[in-house]
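> If it helps, the file is called my_file-v4.txt and holds compact mmCIF, C-alpha atoms:
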# COMPACT_ATOMS: atom_id res chain seq x y z
CA MET T 1 -62.02 -40.20 -79.70
CA ASP T 2 -58.39 -40.88 -80.73
CA LYS T 3 -56.75 -43.20 -78.20
CA SER T 4 -53.58 -43.83 -80.20
CA VAL T 5 -50.20 -43.71 -78.47
CA TRP T 6 -47.04 -42.79 -80.30
CA LYS T 7 -43.36 -42.09 -79.73
CA PHE T 8 -41.52 -39.15 -81.21
CA GLN T 9 -38.66 -36.66 -80.98
CA TYR T 10 -39.11 -32.92 -81.24
CA PRO T 11 -37.57 -31.71 -84.54
CA LYS T 12 -36.14 -28.57 -82.90
CA GLU T 13 -34.39 -30.67 -80.26
CA VAL T 14 -33.03 -33.08 -82.91
CA LYS T 15 -31.71 -30.15 -84.94
CA LYS T 16 -30.03 -28.63 -81.88
CA LYS T 17 -28.62 -31.76 -80.17
CA GLY T 18 -28.68 -34.42 -82.85
CA SER T 19 -30.83 -37.55 -83.00
CA ALA T 20 -28.64 -39.51 -80.57
CA LYS T 21 -28.82 -36.87 -77.83
CA ALA T 22 -32.38 -35.64 -78.30
CA SER T 23 -34.90 -37.10 -75.89
CA TRP T 24 -37.55 -39.58 -76.95
CA TYR T 25 -41.14 -38.84 -75.94
CA VAL T 26 -44.42 -40.74 -75.73
CA GLY T 27 -47.53 -38.87 -76.80
CA TRP T 28 -51.16 -39.84 -76.17
CA TYR T 29 -54.71 -38.61 -75.68
CA ASP T 30 -56.47 -39.35 -72.38
CA HIS T 31 -60.17 -40.24 -71.99
CA ASP T 32 -61.10 -36.57 -71.93
CA GLY T 33 -59.35 -35.96 -75.25
CA LYS T 34 -56.50 -34.03 -73.66
CA ARG T 35 -53.10 -34.49 -75.23
CA HIS T 36 -50.10 -35.47 -73.12
CA ALA T 37 -46.38 -36.02 -73.65
CA GLU T 38 -43.84 -37.75 -71.43
CA SER T 39 -40.07 -37.69 -71.77
CA CYS T 40 -38.24 -41.03 -71.67
CA GLY T 41 -34.64 -39.89 -72.19
CA PRO T 42 -32.18 -39.82 -75.11
CA GLY T 43 -30.46 -42.50 -77.14
CA ALA T 44 -31.29 -46.17 -77.55
CA ARG T 45 -32.18 -46.48 -73.87
CA GLY T 46 -34.70 -43.65 -74.13
CA GLN T 47 -36.19 -45.14 -77.30
CA ASN T 48 -36.54 -48.54 -75.63
CA LYS T 49 -38.16 -46.94 -72.58
CA ALA T 50 -40.56 -45.04 -74.83
CA GLU T 51 -41.64 -48.27 -76.57
CA LYS T 52 -42.35 -49.97 -73.22
CA ARG T 53 -44.23 -46.92 -71.99
CA MET T 54 -46.29 -46.93 -75.21
CA ARG T 55 -47.43 -50.50 -74.67
CA ARG T 56 -48.37 -49.82 -71.03
CA LEU T 57 -50.28 -46.64 -71.86
CA GLN T 58 -52.16 -48.32 -74.69
CA SER T 59 -53.16 -51.15 -72.36
CA GLU T 60 -54.36 -48.67 -69.68
CA LEU T 61 -56.37 -46.71 -72.24
CA ASP T 62 -57.94 -49.86 -73.72
CA MET T 63 -58.95 -51.09 -70.24
CA GLY T 64 -60.25 -47.68 -69.15
CA VAL T 65 -58.00 -47.48 -66.09
CA HIS T 66 -55.60 -44.78 -67.25
CA GLN T 67 -54.99 -41.92 -64.84
CA PRO T 68 -53.44 -38.86 -66.56
CA PRO T 69 -50.55 -37.22 -64.71
CA SER T 70 -51.49 -34.28 -62.52
CA LYS T 71 -49.52 -31.05 -62.60
CA LYS T 72 -50.94 -29.89 -59.30
CA LYS T 73 -48.25 -28.17 -57.23
CA TRP T 74 -47.71 -28.88 -53.52
CA PRO T 75 -48.43 -25.30 -52.33
CA THR T 76 -51.75 -25.27 -54.20
CA PHE T 77 -52.71 -28.68 -52.84
CA ARG T 78 -51.74 -27.74 -49.29
CA GLN T 79 -53.88 -24.61 -49.46
CA GLU T 80 -56.84 -26.62 -50.77
CA TYR T 81 -56.35 -29.41 -48.23
CA GLU T 82 -56.19 -27.01 -45.28
CA ALA T 83 -59.29 -25.15 -46.48
CA LYS T 84 -61.45 -28.22 -47.19
CA ILE T 85 -60.23 -30.82 -44.67
CA VAL T 86 -58.03 -29.36 -41.94
CA SER T 87 -60.41 -26.48 -41.21
CA ASN T 88 -63.02 -28.99 -40.03
CA LEU T 89 -60.76 -30.41 -37.29
CA GLY T 90 -60.44 -29.28 -33.69
CA ARG T 91 -58.05 -26.46 -32.83
CA ARG T 92 -55.25 -28.66 -31.53
CA SER T 93 -55.57 -31.13 -34.42
CA ARG T 94 -55.47 -28.26 -36.90
CA GLU T 95 -52.25 -26.97 -35.37
CA GLU T 96 -50.63 -30.43 -35.44
CA VAL T 97 -51.56 -31.08 -39.08
CA LYS T 98 -50.36 -27.68 -40.23
CA ALA T 99 -47.10 -28.11 -38.33
CA ALA T 100 -46.47 -31.53 -39.92
CA LEU T 101 -47.16 -30.23 -43.43
CA ALA T 102 -44.92 -27.24 -42.77
CA HIS T 103 -42.04 -29.54 -41.67
CA PHE T 104 -42.52 -31.63 -44.83
CA GLU T 105 -42.51 -28.56 -47.07
CA ARG T 106 -39.50 -27.06 -45.30
CA LEU T 107 -37.31 -30.17 -45.45
CA VAL T 108 -38.07 -31.71 -48.88
CA LYS T 109 -39.44 -28.67 -50.77
CA PRO T 110 -41.96 -30.71 -52.83
CA GLY T 111 -42.91 -29.41 -56.27
CA ARG T 112 -45.49 -31.29 -58.30
CA MET T 113 -47.68 -33.69 -56.35
CA ASP T 114 -47.10 -36.59 -58.77
CA TYR T 115 -43.36 -36.31 -58.10
CA ILE T 116 -43.78 -37.25 -54.43
CA LYS T 117 -42.44 -40.79 -54.14
CA THR T 118 -41.33 -43.18 -51.40
CA GLN T 119 -37.83 -41.70 -51.73
CA THR T 120 -39.31 -38.29 -50.92
CA ILE T 121 -40.78 -39.61 -47.67
CA ASP T 122 -37.53 -41.38 -46.74
CA GLY T 123 -35.65 -38.15 -47.38
CA PHE T 124 -38.01 -36.29 -45.06
CA VAL T 125 -37.48 -38.85 -42.28
CA ALA T 126 -33.69 -38.71 -42.66
CA ALA T 127 -33.70 -34.91 -42.49
CA ARG T 128 -36.15 -34.78 -39.57
CA LYS T 129 -33.99 -37.16 -37.52
CA LYS T 130 -31.13 -34.66 -37.58
CA GLU T 131 -33.15 -31.88 -35.99
CA ARG T 132 -33.03 -31.08 -32.28
CA GLY T 133 -35.84 -31.97 -29.95
CA LYS T 134 -37.90 -29.85 -27.62
CA ASN T 135 -35.35 -29.93 -24.82
CA PRO T 136 -31.76 -28.61 -25.17
CA GLY T 137 -29.33 -31.33 -26.18
CA SER T 138 -32.07 -33.71 -27.34
CA SER T 139 -32.99 -35.00 -30.80
CA ILE T 140 -36.39 -35.47 -32.36
CA SER T 141 -38.05 -38.58 -30.94
CA PRO T 142 -39.40 -41.37 -33.19
CA ALA T 143 -42.87 -40.68 -31.76
CA THR T 144 -42.74 -37.07 -32.96
CA ILE T 145 -41.59 -38.10 -36.44
CA ASN T 146 -44.31 -40.78 -36.60
CA LYS T 147 -46.92 -38.19 -35.68
CA ASP T 148 -45.75 -36.06 -38.60
CA LEU T 149 -45.78 -39.07 -40.92
CA ARG T 150 -49.38 -39.96 -40.00
CA HIS T 151 -50.54 -36.45 -40.85
CA ILE T 152 -48.58 -36.49 -44.11
CA ARG T 153 -50.01 -39.90 -44.99
CA ALA T 154 -53.56 -38.63 -44.42
CA ALA T 155 -52.87 -35.63 -46.66
CA LEU T 156 -51.40 -37.77 -49.46
CA ARG T 157 -54.33 -40.18 -49.28
CA MET T 158 -56.68 -37.28 -49.88
CA ALA T 159 -54.44 -36.08 -52.72
CA HIS T 160 -54.72 -39.56 -54.23
CA GLU T 161 -58.52 -39.47 -53.98
CA TRP T 162 -58.52 -36.08 -55.66
CA GLY T 163 -56.40 -37.45 -58.51
CA TYR T 164 -53.25 -35.46 -57.73
CA VAL T 165 -51.08 -38.44 -56.75
CA PRO T 166 -51.31 -41.46 -59.09
CA LYS T 167 -49.73 -43.88 -56.63
CA LEU T 168 -49.43 -43.49 -52.88
CA PRO T 169 -45.83 -43.60 -51.65
CA ARG T 170 -44.97 -46.15 -49.01
CA ILE T 171 -44.64 -44.57 -45.58
CA ARG T 172 -42.68 -46.58 -43.02
CA LEU T 173 -43.17 -45.56 -39.41
CA LEU T 174 -40.18 -45.62 -37.11
CA LYS T 175 -39.95 -48.10 -34.28
CA GLU T 176 -40.72 -46.38 -31.01
CA PRO T 177 -39.13 -47.51 -27.74
CA GLU T 178 -41.67 -48.99 -25.37
CA LYS T 179 -41.55 -46.94 -22.20
CA ILE T 180 -43.40 -47.30 -18.93
CA PRO T 181 -45.91 -44.44 -18.97
CA ARG T 182 -45.61 -41.94 -16.13
CA TYR T 183 -48.62 -41.41 -13.90
CA VAL T 184 -49.23 -39.56 -10.63
CA THR T 185 -48.86 -41.96 -7.71
CA VAL T 186 -51.25 -41.78 -4.78
CA GLU T 187 -48.49 -40.45 -2.51
CA HIS T 188 -47.51 -37.72 -4.94
CA PHE T 189 -51.15 -36.81 -5.57
CA MET T 190 -51.62 -36.15 -1.87
CA THR T 191 -48.42 -34.08 -1.86
CA ILE T 192 -49.74 -31.99 -4.74
CA TYR T 193 -53.16 -31.66 -3.10
CA ASN T 194 -51.95 -30.83 0.44
CA LYS T 195 -48.65 -29.02 -0.17
CA ALA T 196 -48.45 -27.79 -3.77
CA CYS T 197 -51.96 -26.39 -4.25
CA PRO T 198 -51.74 -24.02 -1.23
CA LEU T 199 -48.62 -22.50 -2.86
CA ALA T 200 -50.54 -21.43 -5.99
CA MET T 201 -50.73 -17.71 -6.77
CA LEU T 202 -52.85 -18.05 -9.93
CA PRO T 203 -55.53 -17.78 -11.17
CA LEU T 204 -56.43 -14.23 -10.24
CA ASN T 205 -59.41 -13.65 -12.53
CA HIS T 206 -61.49 -10.47 -12.44
CA GLY T 207 -64.26 -10.83 -9.85
CA GLN T 208 -62.83 -14.11 -8.53
CA GLN T 209 -64.45 -15.04 -5.20
CA TYR T 210 -62.36 -18.11 -4.36
CA ARG T 211 -58.71 -18.71 -3.49
CA PRO T 212 -56.22 -20.11 -6.04
CA VAL T 213 -55.80 -23.18 -3.79
CA ASP T 214 -59.50 -23.99 -4.22
CA TRP T 215 -59.21 -23.72 -8.02
CA TRP T 216 -56.19 -26.02 -8.13
CA GLN T 217 -57.57 -28.61 -5.75
CA ALA T 218 -60.80 -28.73 -7.74
CA ILE T 219 -59.14 -29.21 -11.13
CA ILE T 220 -56.66 -31.88 -10.02
CA ILE T 221 -59.38 -33.77 -8.13
CA MET T 222 -61.59 -33.75 -11.22
CA ALA T 223 -58.71 -34.74 -13.51
CA TYR T 224 -57.66 -37.56 -11.17
CA MET T 225 -61.18 -38.90 -10.60
CA THR T 226 -62.64 -38.51 -14.12
CA GLY T 227 -59.69 -39.00 -16.47
CA TRP T 228 -60.66 -35.89 -18.44
CA ARG T 229 -58.00 -34.23 -20.56
CA ILE T 230 -56.92 -30.76 -19.50
CA SER T 231 -58.41 -29.30 -22.70
CA GLU T 232 -61.79 -30.77 -21.75
CA LEU T 233 -61.57 -29.38 -18.23
CA LEU T 234 -60.66 -25.87 -19.37
CA SER T 235 -63.50 -25.94 -21.94
CA LEU T 236 -66.17 -27.17 -19.49
CA ARG T 237 -69.05 -24.67 -19.41
CA LYS T 238 -71.28 -24.14 -16.40
CA GLU T 239 -74.36 -24.83 -18.47
CA ASP T 240 -72.98 -28.37 -19.03
CA LEU T 241 -72.42 -28.96 -15.30
CA ASP T 242 -75.25 -30.19 -13.06
CA LEU T 243 -74.02 -30.38 -9.46
CA ASN T 244 -77.39 -31.62 -8.19
CA ALA T 245 -77.41 -34.55 -10.61
CA ALA T 246 -73.60 -34.91 -10.26
CA THR T 247 -73.00 -34.95 -14.04
CA ALA T 248 -70.87 -33.03 -16.52
CA ILE T 249 -71.06 -32.99 -20.32
CA THR T 250 -67.93 -33.03 -22.43
CA ARG T 251 -68.74 -31.56 -25.84
CA ALA T 252 -67.68 -32.95 -29.22
CA ALA T 253 -65.89 -29.71 -30.04
CA ASP T 254 -63.69 -30.10 -26.95
CA ASN T 255 -62.75 -33.80 -26.94
CA LYS T 256 -60.94 -36.23 -29.23
CA SER T 257 -63.84 -38.67 -29.45
CA LYS T 258 -65.84 -35.98 -31.32
CA ARG T 259 -69.10 -36.70 -29.58
CA ASP T 260 -71.06 -35.23 -26.69
CA GLU T 261 -70.96 -37.40 -23.58
CA CYS T 262 -72.59 -36.99 -20.19
CA MET T 263 -70.27 -38.30 -17.49
CA PRO T 264 -71.09 -39.01 -13.81
CA LEU T 265 -69.16 -37.20 -11.08
CA HIS T 266 -68.01 -38.54 -7.73
CA PRO T 267 -69.40 -36.70 -4.67
CA ILE T 268 -65.85 -35.60 -3.77
CA VAL T 269 -65.55 -33.92 -7.18
CA VAL T 270 -68.93 -32.22 -6.72
CA GLU T 271 -67.88 -30.93 -3.28
CA HIS T 272 -64.73 -29.33 -4.72
CA LEU T 273 -66.57 -27.80 -7.69
CA LYS T 274 -69.01 -26.10 -5.33
CA ARG T 275 -66.09 -24.21 -3.76
CA ILE T 276 -65.24 -22.42 -7.00
CA ALA T 277 -68.77 -21.73 -8.21
CA CYS T 278 -69.12 -18.08 -9.29
CA ASP T 279 -70.27 -15.92 -12.18
CA GLY T 280 -68.84 -16.62 -15.63
CA PRO T 281 -69.36 -19.09 -18.46
CA LEU T 282 -66.52 -21.52 -17.60
CA VAL T 283 -66.11 -23.84 -14.63
CA PHE T 284 -62.30 -23.43 -14.64
CA PRO T 285 -61.60 -19.90 -15.95
CA TRP T 286 -57.98 -18.99 -16.60
CA SER T 287 -57.47 -15.40 -17.69
CA GLU T 288 -53.75 -15.82 -18.42
CA ASP T 289 -52.31 -17.59 -21.47
CA HIS T 290 -52.39 -21.37 -21.21
CA GLY T 291 -48.59 -21.56 -21.13
CA SER T 292 -48.68 -19.92 -17.71
CA LEU T 293 -51.00 -22.71 -16.52
CA TRP T 294 -48.29 -25.35 -17.11
CA GLU T 295 -45.67 -23.07 -15.60
CA GLU T 296 -47.70 -22.59 -12.44
CA PHE T 297 -48.39 -26.32 -12.15
CA GLY T 298 -44.66 -27.05 -12.42
CA ARG T 299 -43.67 -24.31 -10.01
CA ILE T 300 -45.96 -25.41 -7.18
CA GLN T 301 -44.83 -29.02 -7.52
CA LYS T 302 -41.17 -28.04 -7.39
CA GLU T 303 -41.71 -25.89 -4.31
CA ALA T 304 -43.63 -28.75 -2.67
CA GLY T 305 -40.56 -30.99 -3.03
CA ILE T 306 -41.55 -33.17 -6.00
CA LYS T 307 -38.56 -34.12 -8.16
CA LEU T 308 -39.08 -37.02 -10.54
CA PRO T 309 -36.20 -38.90 -12.20
CA CYS T 310 -35.73 -38.38 -15.94
CA SER T 311 -33.99 -41.08 -17.98
CA GLU T 312 -34.07 -39.18 -21.27
CA LYS T 313 -30.72 -38.29 -22.84
CA HIS T 314 -30.94 -34.52 -23.05
CA GLU T 315 -30.18 -31.42 -21.06
CA HIS T 316 -32.69 -31.59 -18.25
CA THR T 317 -35.03 -28.75 -17.37
CA ASP T 318 -37.40 -28.24 -14.44
CA ALA T 319 -40.23 -29.64 -16.56
CA CYS T 320 -38.44 -33.03 -16.71
CA HIS T 321 -38.87 -33.53 -12.96
CA VAL T 322 -42.53 -32.68 -12.39
CA TYR T 323 -45.85 -34.13 -13.50
CA GLY T 324 -47.94 -32.89 -16.41
CA PHE T 325 -51.73 -32.78 -16.52
CA HIS T 326 -51.84 -35.90 -18.71
CA ASP T 327 -50.17 -37.85 -15.91
CA LEU T 328 -53.34 -37.32 -13.86
CA ARG T 329 -55.31 -38.94 -16.69
CA ARG T 330 -52.95 -41.90 -16.72
CA ALA T 331 -53.35 -42.19 -12.95
CA PHE T 332 -57.12 -42.45 -13.39
CA ALA T 333 -56.67 -45.39 -15.77
CA THR T 334 -54.01 -47.05 -13.63
CA VAL T 335 -55.97 -47.05 -10.37
CA ASN T 336 -59.21 -48.11 -12.08
CA ALA T 337 -57.87 -50.80 -14.42
CA PRO T 338 -57.88 -53.62 -11.82
CA ARG T 339 -61.52 -53.07 -10.81
CA LEU T 340 -63.26 -52.06 -14.06
CA LYS T 341 -64.20 -54.14 -17.07
CA PRO T 342 -62.22 -53.24 -20.20
CA GLU T 343 -65.23 -51.78 -22.01
CA ALA T 344 -66.14 -49.63 -18.98
CA LEU T 345 -62.62 -48.19 -18.67
CA GLN T 346 -62.47 -47.58 -22.42
CA LYS T 347 -65.79 -45.72 -22.20
CA LEU T 348 -64.59 -43.55 -19.32
CA MET T 349 -61.31 -42.80 -21.12
CA ARG T 350 -63.24 -42.09 -24.34
CA HIS T 351 -60.82 -44.08 -26.51
CA LYS T 352 -61.92 -45.48 -29.87
CA SER T 353 -59.94 -48.67 -29.22
CA TYR T 354 -59.24 -50.50 -25.97
CA SER T 355 -55.75 -51.26 -27.27
CA THR T 356 -55.02 -47.53 -26.91
CA THR T 357 -56.10 -47.67 -23.27
CA LEU T 358 -54.05 -50.80 -22.64
CA ARG T 359 -50.94 -49.62 -24.45
CA SER T 360 -50.79 -46.06 -23.20
CA TYR T 361 -52.07 -45.96 -19.68
CA ILE T 362 -52.50 -49.18 -17.76
CA ASN T 363 -49.70 -50.18 -15.40
CA VAL T 364 -49.49 -53.98 -15.61
CA GLY T 365 -47.03 -54.27 -12.74
CA SER T 366 -49.67 -55.60 -10.35
CA GLN T 367 -50.69 -58.25 -12.88
CA LEU T 368 -47.07 -59.34 -13.33
CA GLN T 369 -46.57 -59.49 -9.56
CA ALA T 370 -49.63 -61.75 -9.23
CA ALA T 371 -48.17 -64.06 -11.85
CA ILE T 372 -44.83 -64.18 -10.02
CA ASP T 373 -46.53 -64.91 -6.68
CA GLU T 374 -48.38 -67.88 -8.21
CA MET T 375 -45.38 -69.29 -10.07
CA PRO T 376 -44.56 -72.91 -9.08
CA VAL T 377 -41.32 -73.32 -7.14
CA PRO T 378 -38.88 -75.94 -8.52
CA PRO T 379 -38.60 -79.06 -6.33
CA GLY T 380 -35.89 -78.91 -3.67
CA LEU T 381 -35.99 -75.12 -3.27
CA LYS T 382 -37.33 -73.77 -0.05
CA GLU T 383 -39.40 -70.62 -0.11
CA PRO T 384 -38.44 -68.19 2.68
CA LYS T 385 -41.24 -67.52 5.08
CA HIS T 386 -42.49 -64.01 5.63
CA GLY T 387 -39.98 -62.14 7.79
CA GLU T 388 -37.35 -64.89 7.47
CA PRO T 389 -33.99 -63.65 6.13
CA ASP T 390 -32.70 -65.16 2.89
CA LYS T 391 -29.74 -67.51 3.16
What is this file in structure tokens?


Amino acid sequence: MDKSVWKFQYPKEVKKKGSAKASWYVGWYDHDGKRHAESCGPGARGQNKAEKRMRRLQSELDMGVHQPPSKKKWPTFRQEYEAKIVSNLGRRSREEVKAALAHFERLVKPGRMDYIKTQTIDGFVAARKKERGKNPGSSISPATINKDLRHIRAALRMAHEWGYVPKLPRIRLLKEPEKIPRYVTVEHFMTIYNKACPLAMLPLNHGQQYRPVDWWQAIIIMAYMTGWRISELLSLRKEDLDLNAATAITRAADNKSKRDECMPLHPIVVEHLKRIACDGPLVFPWSEDHGSLWEEFGRIQKEAGIKLPCSEKHEHTDACHVYGFHDLRRAFATVNAPRLKPEALQKLMRHKSYSTTLRSYINVGSQLQAAIDEMPVPPGLKEPKHGEPDK
């Protein structure tokens, strides 16, 4: 097989533009015998670039490491990637990946896959930063952009494995501000349980034999005392719940850990689940759209008098001042962190890494307070006794 590499100019282009303005090209045959040509530009600079490219191509061909350029277009790759890879993910993950790829396509309008460079990624980040956030008056957060970048990076890695991208572009994640995660305090939980839940008007499912207050008290008790995500709770089937054995199974299709797990239930949780037991496949049926679930949760909190501070710089909405379902999950981690071993808490939270549990959920305030209490006092300073006013 001919592996020679050569430089040339197209005669028609030389005749039309002249030798000085016609582009220089490098031609070669790849390992499959397919002929290629690459433009290097006109003039002496283009000729010099062509000679350097010739030497590099010849070396790659001699060593057997040459990767021919791919002419795969972004739309074709995206369609293939979504069909072969994204379709195997969970519903929420599928939506997030498709949204990230759609943002990338909308903002940078990629053409050929091998033209996607580090500059392309930087251009996407710069354009994404200028867009407004979820709330009026806000801008896109670094965390949201980083989520998009992770999905784009995963897609480009697969494109590289498939031979569509010869070299992976560098993707630099933005620095995210470290914030204290919000979680439902014990006092606010009791307010939600005793005051907010009785104000609920939904759900009103067909054939429902329990009151909305019973449904709400059961779901927040289970969320608070198991750490389950709201998606897991809403997907829990009655066939996976054993009230006699006090266990519930979270299925791989419904959780982020992608594995079936049988979790123990506290007697208080079991008692509340018994109150809403009725016909139907799901433990927590919700006949309305899921958006109404969040709206109802926010409404009953607001009417119960809960108004949380919001330090974000945007036009505040009612949702800024009430808890979300994930705040119940954080509360589970926060109240259990001091008494559970790290591996036990990680298992209950179903995180792949304990660093995720530590970074995202655990309130270390009590640990810091213990360190302050035990700090040595400099000589000559008198510690005030309990109840003694400072001087």

> What's around Tyr164 of chain T at 9 Å? Count only C-alpha atoms, leave out sequence neighbours fewer than 6 positions away in its own chain, and write the answer as a list in words.

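Within the cut-off, the hits are Pro69, Ser70, Lys71, Lys72, Lys73, Phe77, Arg112, Met113, Asp114, Leu156 and Met158 of chain T.
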
> Taking only C-alpha atoms into account, name the residue in T:His66, T:Glu312, T:Ala20, T:Gly46 that is nearest to Ser138 of chain T.

T:Glu312

> Which is closer to Arg53 of chain T than all the others in T:Arg170, T:Lys7, T:His206, T:Lys302, using all atoms listed in the file?

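Ranked by minimum distance to Arg53 of chain T, first place goes to T:Lys7.
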
> Expressed in Å to a single decimal, how great is the separation between atom CA of Leu282 of chain T and atom CA of Ala245 of chain T?

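Atom CA of Leu282 of chain T sits 18.4 Å away from atom CA of Ala245 of chain T.
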
> What lies within 9 Å of Arg299 of chain T using all atoms listed in the file, ignoring chain neighbours under 3 positions off, as a PyMOL selection string?

chain T and resi 196+199-200+294-296+302-304+318+322

> Using all atoms listed in the file, which protein or nucleic acid residues come within 8 Å of Leu168 of chain T? Drop anything in the same chain fewer than 3 positions from it, and give the result as a ChimeraX atom specification.

/T:117,156-157,160,165

> Would you pick out the contacts of Pro110 of chain T at 10 Å or less, using only C-alpha atoms, so that residues sharing its chain but fewer than 5 positions from it are not included, and give the list as a PyMOL selection string?

chain T and resi 73-75+104-105+115-116+120

> May I have the residues within 7 Å of segment 236-240 of chain T as a PyMOL selection string, using all atoms listed in the file and disregarding those fewer than 6 positions away in the same chain?

chain T and resi 248-250+281-283
